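Content type mmCIF, C-alpha atoms, from the file input33.cif:
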data_query
#
loop_
_atom_site.group_PDB
_atom_site.id
_atom_site.type_symbol
_atom_site.label_atom_id
_atom_site.label_comp_id
_atom_site.auth_asym_id
_atom_site.auth_seq_id
_atom_site.Cartn_x
_atom_site.Cartn_y
_atom_site.Cartn_z
ATOM 1 C CA MET A 1 0.000 0.000 0.000
ATOM 2 C CA ASN A 2 1.198 3.506 -0.756
ATOM 3 C CA LYS A 3 2.773 5.075 2.383
ATOM 4 C CA LYS A 4 1.557 8.561 1.445
ATOM 5 C CA TYR A 5 -2.016 7.247 1.193
ATOM 6 C CA VAL A 6 -1.872 5.487 4.564
ATOM 7 C CA SER A 7 -0.270 8.401 6.449
ATOM 8 C CA THR A 8 -2.673 10.975 4.977
ATOM 9 C CA LYS A 9 -5.617 8.749 5.898
ATOM 10 C CA LYS A 10 -4.325 8.486 9.496
ATOM 11 C CA ILE A 11 -3.946 12.276 9.702
ATOM 12 C CA ALA A 12 -7.525 12.634 8.462
ATOM 13 C CA TRP A 13 -9.089 10.365 11.070
ATOM 14 C CA ILE A 14 -6.914 11.398 14.031
ATOM 15 C CA GLY A 15 -7.116 15.148 13.319
ATOM 16 C CA GLY A 16 -10.840 15.017 12.647
ATOM 17 C CA ALA A 17 -11.504 13.013 15.811
ATOM 18 C CA VAL A 18 -9.445 15.418 17.945
ATOM 19 C CA LEU A 19 -11.231 18.492 16.558
ATOM 20 C CA ALA A 20 -14.689 16.929 16.786
ATOM 21 C CA GLY A 21 -13.984 15.640 20.321
ATOM 22 C CA ALA A 22 -12.696 19.015 21.480
ATOM 23 C CA GLY A 23 -15.747 20.654 19.945
ATOM 24 C CA ALA A 24 -18.081 18.253 21.736
ATOM 25 C CA ILE A 25 -16.357 18.868 25.099
ATOM 26 C CA VAL A 26 -16.466 22.663 24.696
ATOM 27 C CA PHE A 27 -20.069 22.551 23.477
ATOM 28 C CA LEU A 28 -21.222 20.371 26.380
ATOM 29 C CA SER A 29 -19.368 22.431 28.993
ATOM 30 C CA GLY A 30 -21.244 25.633 28.071
ATOM 31 C CA GLY A 31 -24.831 25.843 29.246
ATOM 32 C CA GLY A 32 -27.461 27.616 27.206
ATOM 33 C CA VAL A 33 -26.590 30.043 24.451
ATOM 34 C CA SER A 34 -23.026 31.080 25.063
ATOM 35 C CA GLU A 35 -19.725 31.682 23.398
ATOM 36 C CA ASN A 36 -18.662 28.137 24.351
ATOM 37 C CA ASN A 37 -21.506 26.679 22.316
ATOM 38 C CA ILE A 38 -20.473 28.623 19.211
ATOM 39 C CA ILE A 39 -16.791 27.648 19.623
ATOM 40 C CA GLY A 40 -17.696 24.006 20.301
ATOM 41 C CA ALA A 41 -19.998 23.777 17.308
ATOM 42 C CA SER A 42 -17.328 25.407 15.121
ATOM 43 C CA LEU A 43 -14.698 22.909 16.287
ATOM 44 C CA ALA A 44 -17.020 19.967 15.672
ATOM 45 C CA VAL A 45 -17.872 21.187 12.158
ATOM 46 C CA GLY A 46 -14.170 21.851 11.578
ATOM 47 C CA GLY A 47 -13.383 18.268 12.596
ATOM 48 C CA VAL A 48 -15.837 16.884 10.071
ATOM 49 C CA ALA A 49 -14.496 19.219 7.365
ATOM 50 C CA TRP A 50 -10.897 18.292 8.248
ATOM 51 C CA THR A 51 -11.653 14.583 7.934
ATOM 52 C CA THR A 52 -13.492 15.029 4.634
ATOM 53 C CA ILE A 53 -10.754 17.147 3.045
ATOM 54 C CA PHE A 54 -7.919 14.866 4.121
ATOM 55 C CA LEU A 55 -9.776 11.740 2.980
ATOM 56 C CA LEU A 56 -10.289 13.343 -0.439
ATOM 57 C CA VAL A 57 -6.569 14.158 -0.594
ATOM 58 C CA ALA A 58 -5.683 10.609 0.530
ATOM 59 C CA ASN A 59 -7.886 9.198 -2.211
ATOM 60 C CA SER A 60 -5.730 10.948 -4.819
ATOM 61 C CA TYR A 61 -2.702 9.043 -3.431
ATOM 62 C CA LYS A 62 -4.480 5.695 -3.514
ATOM 63 C CA PRO A 63 -2.720 3.310 -5.870
ATOM 64 C CA ASP A 64 -4.527 2.220 -9.002
ATOM 65 C CA ASN A 65 -4.675 -1.568 -9.034
ATOM 66 C CA TYR A 66 -4.727 -1.714 -12.824
ATOM 67 C CA THR A 67 -1.290 -0.134 -13.212
ATOM 68 C CA ASN A 68 0.302 -3.283 -11.803
ATOM 69 C CA LEU A 69 -1.104 -5.575 -14.493
ATOM 70 C CA SER A 70 0.738 -6.319 -17.703
ATOM 71 C CA SER A 71 0.582 -8.801 -20.546
ATOM 72 C CA ALA A 72 3.115 -10.039 -23.060
ATOM 73 C CA PRO A 73 2.208 -12.049 -26.152
ATOM 74 C CA ILE A 74 3.723 -15.522 -26.351
ATOM 75 C CA TYR A 75 2.109 -16.767 -29.535
ATOM 76 C CA GLN A 76 -0.335 -15.400 -32.095
ATOM 77 C CA LYS A 77 -1.701 -17.019 -35.238
ATOM 78 C CA ASP A 78 -3.952 -15.256 -37.759
ATOM 79 C CA VAL A 79 -6.102 -17.281 -40.144
ATOM 80 C CA HIS A 80 -7.615 -15.323 -43.061
ATOM 81 C CA PHE A 81 -10.717 -16.489 -44.912
ATOM 82 C CA SER A 82 -11.784 -15.851 -48.517
ATOM 83 C CA ASN A 83 -14.688 -13.561 -47.486
ATOM 84 C CA GLY A 84 -12.262 -11.072 -45.879
ATOM 85 C CA SER A 85 -12.823 -12.141 -42.283
ATOM 86 C CA SER A 86 -10.080 -13.475 -40.042
ATOM 87 C CA LEU A 87 -9.625 -15.518 -36.917
ATOM 88 C CA SER A 88 -6.854 -14.673 -34.449
ATOM 89 C CA LEU A 89 -5.654 -17.181 -31.889
ATOM 90 C CA GLY A 90 -3.316 -15.998 -29.153
ATOM 91 C CA THR A 91 -1.560 -16.913 -25.957
ATOM 92 C CA ASP A 92 -0.389 -14.220 -23.534
ATOM 93 C CA LEU A 93 1.614 -14.170 -20.327
ATOM 94 C CA LEU A 94 -0.360 -12.124 -17.779
ATOM 95 C CA SER A 95 1.593 -10.647 -14.845
ATOM 96 C CA ASP A 96 0.371 -9.065 -11.622
ATOM 97 C CA ARG A 97 3.241 -7.127 -10.029
ATOM 98 C CA THR A 98 1.244 -6.508 -6.837
ATOM 99 C CA LEU A 99 0.824 -10.203 -6.046
ATOM 100 C CA GLY A 100 3.934 -11.310 -7.884
ATOM 101 C CA SER A 101 2.013 -13.922 -9.856
ATOM 102 C CA ASN A 102 2.007 -14.909 -13.509
ATOM 103 C CA THR A 103 -0.528 -16.866 -15.519
ATOM 104 C CA ILE A 104 -1.136 -17.795 -19.122
ATOM 105 C CA GLY A 105 -4.198 -16.489 -20.932
ATOM 106 C CA LEU A 106 -5.736 -17.822 -24.117
ATOM 107 C CA GLY A 107 -7.548 -15.580 -26.569
ATOM 108 C CA LEU A 108 -9.736 -16.001 -29.599
ATOM 109 C CA ARG A 109 -10.892 -13.123 -31.807
ATOM 110 C CA TYR A 110 -12.985 -13.223 -34.947
ATOM 111 C CA ASN A 111 -13.011 -10.188 -37.256
ATOM 112 C CA PHE A 112 -15.966 -9.957 -39.654
#

Would you mind writing the file's structure down as structure tokens?
Amino acid sequence: MNKKYVSTKKIAWIGGAVLAGAGAIVFLSGGGVSENNIIGASLAVGGVAWTTIFLLVANSYKPDNYTNLSSAPIYQKDVHFSNGSSLSLGTDLLSDRTLGSNTIGLGLRYNF
């Protein structure tokens, strides 16, 4: 997993929880309509906003699983027919760099 993604996600949850928790404590400590209620509500909303913004930023660092897939042709045979159509038979080596595994894939394509 991408270290930048993981660390940004941790910052999002920890920072948001601290701000929202501080806001809840300040809000609950003030009785009635007071300055504490406004500050507490602002901190709680700030905590939610903080978490949302940092999770959006972390999502941009998230690795794309499809970038770790590759294929290499091993064999390909094209058979052409008199009506202009063709049949392609192929064998490919498919690699997944994330899992470190390889497999062989068979393909068949008919062009009209």

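For range 90-96 of chain A, the set of protein, DNA and RNA residues having any atom at most 12 Å away, when counting all atoms listed in the file and skipping those fewer than 5 positions along the same chain, is Asn65, Tyr66, Thr67, Asn68, Leu69, Ser70, Ser71, Ala72, Pro73, Ile74, Tyr75, Gln76, Lys77, Asp78, Val79, Ser101, Asn102, Thr103, Ile104, Gly105, Leu106, Gly107, Leu108, Arg109 and Tyr110 of chain A.
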
Work out how far CA of Ala12 in chain A is from CA of Ile38 in chain A, in Å to one decimal.
23.2 Å

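Note on the selection: in this file the PyMOL selection byres ((chain A and resi 24) around 8) comes out as Ala20, Gly21, Ala22, Gly23, Ile25, Val26, Phe27, Leu28, Gly40, Ala41, Leu43 and Ala44 of chain A.
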
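Here CA of Ser7 in chain A stands at a distance of 28.6 Å from CA of Ile39 in chain A.
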
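Coordinates place CA of Ser86 in chain A at a distance of 5.2 Å from CA of Asn111 in chain A.
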
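In terms of minimum interatomic distance to Tyr5 in chain A, A:Val57 ranks closest within A:Glu35, A:Ser82, A:Leu87, A:Val57, counting only C-alpha atoms.
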
For each of A:Asn59, A:Ser88, A:Thr52, A:Ser42, take the minimum atom-to-atom distance to Val6 in chain A, counting all atoms listed in the file, then give the residue where this is smallest.
A:Asn59

Which residues, written as a list in words, have at least one atom at most 7 Å from range 14-19 of chain A, with only C-alpha atoms counted and residues fewer than 6 positions away on the same chain left out?
Leu43, Ala44, Gly46, Gly47, Val48, Trp50 and Thr51 of chain A

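Of the listed residues (A:Lys4, A:Ser85, A:Phe112, A:Trp13), A:Trp13 comes nearest to Ala49 in chain A; the distances count only C-alpha atoms.
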
Could I see range 71-93 of chain A restored to N, CA and C atoms, set down as an mmCIF file, keeping the file's coordinate frame?
data_model
loop_
_atom_site.group_PDB
_atom_site.id
_atom_site.type_symbol
_atom_site.label_atom_id
_atom_site.label_comp_id
_atom_site.auth_asym_id
_atom_site.auth_seq_id
_atom_site.Cartn_x
_atom_site.Cartn_y
_atom_site.Cartn_z
ATOM 1 N N SER A 71 0.668 -7.581 -19.746
ATOM 2 C CA SER A 71 0.582 -8.801 -20.546
ATOM 3 C C SER A 71 1.629 -8.747 -21.641
ATOM 4 N N ALA A 72 2.130 -9.919 -21.991
ATOM 5 C CA ALA A 72 3.115 -10.039 -23.060
ATOM 6 C C ALA A 72 2.694 -11.198 -23.957
ATOM 7 N N PRO A 73 2.621 -10.967 -25.266
ATOM 8 C CA PRO A 73 2.208 -12.049 -26.152
ATOM 9 C C PRO A 73 3.276 -13.140 -26.244
ATOM 10 N N ILE A 74 2.822 -14.385 -26.190
ATOM 11 C CA ILE A 74 3.723 -15.522 -26.351
ATOM 12 C C ILE A 74 3.610 -16.070 -27.764
ATOM 13 N N TYR A 75 2.366 -16.196 -28.215
ATOM 14 C CA TYR A 75 2.109 -16.767 -29.535
ATOM 15 C C TYR A 75 0.845 -16.150 -30.111
ATOM 16 N N GLN A 76 0.866 -15.884 -31.429
ATOM 17 C CA GLN A 76 -0.335 -15.400 -32.095
ATOM 18 C C GLN A 76 -0.366 -15.945 -33.513
ATOM 19 N N LYS A 77 -1.506 -16.467 -33.905
ATOM 20 C CA LYS A 77 -1.701 -17.019 -35.238
ATOM 21 C C LYS A 77 -2.946 -16.396 -35.837
ATOM 22 N N ASP A 78 -2.822 -15.853 -37.044
ATOM 23 C CA ASP A 78 -3.952 -15.256 -37.759
ATOM 24 C C ASP A 78 -4.314 -16.162 -38.928
ATOM 25 N N VAL A 79 -5.588 -16.483 -39.034
ATOM 26 C CA VAL A 79 -6.102 -17.281 -40.144
ATOM 27 C C VAL A 79 -7.068 -16.401 -40.921
ATOM 28 N N HIS A 80 -6.786 -16.187 -42.223
ATOM 29 C CA HIS A 80 -7.615 -15.323 -43.061
ATOM 30 C C HIS A 80 -8.503 -16.185 -43.947
ATOM 31 N N PHE A 81 -9.754 -15.764 -44.108
ATOM 32 C CA PHE A 81 -10.717 -16.489 -44.912
ATOM 33 C C PHE A 81 -10.982 -15.736 -46.212
ATOM 34 N N SER A 82 -11.564 -16.428 -47.191
ATOM 35 C CA SER A 82 -11.784 -15.851 -48.517
ATOM 36 C C SER A 82 -12.799 -14.702 -48.509
ATOM 37 N N ASN A 83 -13.695 -14.645 -47.532
ATOM 38 C CA ASN A 83 -14.688 -13.561 -47.486
ATOM 39 C C ASN A 83 -14.149 -12.295 -46.817
ATOM 40 N N GLY A 84 -12.873 -12.255 -46.473
ATOM 41 C CA GLY A 84 -12.262 -11.072 -45.879
ATOM 42 C C GLY A 84 -12.222 -11.083 -44.356
ATOM 43 N N SER A 85 -12.855 -12.047 -43.741
ATOM 44 C CA SER A 85 -12.823 -12.141 -42.283
ATOM 45 C C SER A 85 -11.563 -12.887 -41.846
ATOM 46 N N SER A 86 -11.268 -12.789 -40.557
ATOM 47 C CA SER A 86 -10.080 -13.475 -40.042
ATOM 48 C C SER A 86 -10.324 -13.957 -38.614
ATOM 49 N N LEU A 87 -9.570 -14.935 -38.257
ATOM 50 C CA LEU A 87 -9.625 -15.518 -36.917
ATOM 51 C C LEU A 87 -8.238 -15.409 -36.322
ATOM 52 N N SER A 88 -8.145 -14.827 -35.124
ATOM 53 C CA SER A 88 -6.854 -14.673 -34.449
ATOM 54 C C SER A 88 -6.848 -15.524 -33.194
ATOM 55 N N LEU A 89 -5.849 -16.353 -33.070
ATOM 56 C CA LEU A 89 -5.654 -17.181 -31.889
ATOM 57 C C LEU A 89 -4.410 -16.674 -31.174
ATOM 58 N N GLY A 90 -4.463 -16.536 -29.864
ATOM 59 C CA GLY A 90 -3.316 -15.998 -29.153
ATOM 60 C C GLY A 90 -3.148 -16.562 -27.763
ATOM 61 N N THR A 91 -1.909 -16.534 -27.316
ATOM 62 C CA THR A 91 -1.560 -16.913 -25.957
ATOM 63 C C THR A 91 -0.730 -15.779 -25.371
ATOM 64 N N ASP A 92 -1.094 -15.327 -24.183
ATOM 65 C CA ASP A 92 -0.389 -14.220 -23.534
ATOM 66 C C ASP A 92 0.061 -14.622 -22.141
ATOM 67 N N LEU A 93 1.166 -14.030 -21.707
ATOM 68 C CA LEU A 93 1.614 -14.170 -20.327
ATOM 69 C C LEU A 93 1.091 -12.962 -19.573
#
